[in-house]
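Comments concern the structure below.
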Amino acid sequence: MKIKVYLNPENYRELSGEFDEGDFFETFWGRINILIDDKDFFENDSVIEEFKEQPNYYDIHGLTLPMFPFIYNLMDNYNEIGRRDLLLHEGPMAEGLVIKTDGDYIILAIEAYNGESGETKWYDGEKLISEKELTKNEINSMPTSIFKQELKNGIN
């Protein structure tokens, strides 16, 4: 199994003025993307935008979030990955990364919230489901040790 976790900063050149204003920590955004055996976990993620009833203006896959708080949260919970289930949200996000423990494996999902209906669904790499329906599939499950190593590589 080949896994790659990418943390891609966005607009980092445009944020130099934010240092002076003290807002850099919250405004430095980026995307996390995950490839499992060369398959993009976010390949079908347009269903998240449809669920949230927000147009997707870009053909960009991944979970977009404030980078520094997310990386801090990941590293703060790093030792808990594989020991207990985690839900990592950052800032005013309507999405979060779900890391569910399943023996020596983890199962990934993206939690999406629709503010109008108040409904929450999970994206499992293929489709939107309820939290109770999250099970392993070809794209969302991997050995915990490999995922943790790729998180380190992605952060580096």
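Order determines the names: the first chain of the structure tokens is A, the second B, and so forth; residues in each chain are numbered 1 upward, and ligands are numbered 1 upward as they are shown.
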Item checked: Residues within 10 Å of Ile81 (chain A), only C-alpha atoms, excluding chain neighbours under 4 positions, as a ChimeraX atom specification -> /A:74-75,77,85-86,99-101,105-106,144-145,147-148
Check: What's the 12 Å shell around region 136-142 of chain A, counting only C-alpha atoms, without same-chain residues fewer than 5 positions away, as a PyMOL selection string?
Finding: chain A and resi 1-5+34-44+82+97-110+122-127+147-150
Next item on the list: Would you return as number ranges by chain the members of region 65-150 of chain A that DSSP assigns to strand (DSSP E or B) on this structure's backbone?
Entry: A: 65-66, 81, 84, 86-89, 95-102, 105-114, 119-123, 128-129, 141-143
Item checked: Interatomic distance (Å, one decimal) between CA of Ile32 (chain A) and CA of Tyr72 (chain A) -> 13.9 Å
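Comparing the minimum interatomic distances between Thr120 (chain A) and each of A:Glu80, A:Gly96, A:Arg31, A:Pro69, counting only C-alpha atoms, we find that A:Gly96 sits nearest.
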Checklist line | Atomic distance CA of Pro9 (chain A) - CA of Trp29 (chain A), expressed in Å with one decimal | finding: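 Between CA of Pro9 (chain A) and CA of Trp29 (chain A) the gap is 6.1 Å.
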Item checked: Two-atom distance - CA of Lys52 (chain A), CA of Asn114 (chain A) (Å) ->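 One can read the CA of Lys52 (chain A) to CA of Asn114 (chain A) distance as 4.6 Å.
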Margin query: Neighbouring residues of Ala112 (chain A) were defined as those with any atom within 12 Å, considering only C-alpha atoms; residues of the same chain fewer than 6 positions away were excluded. Please report them as a PyMOL selection string.
Written below: chain A and resi 45-54+63+87-89+93-98+118-124+127-131
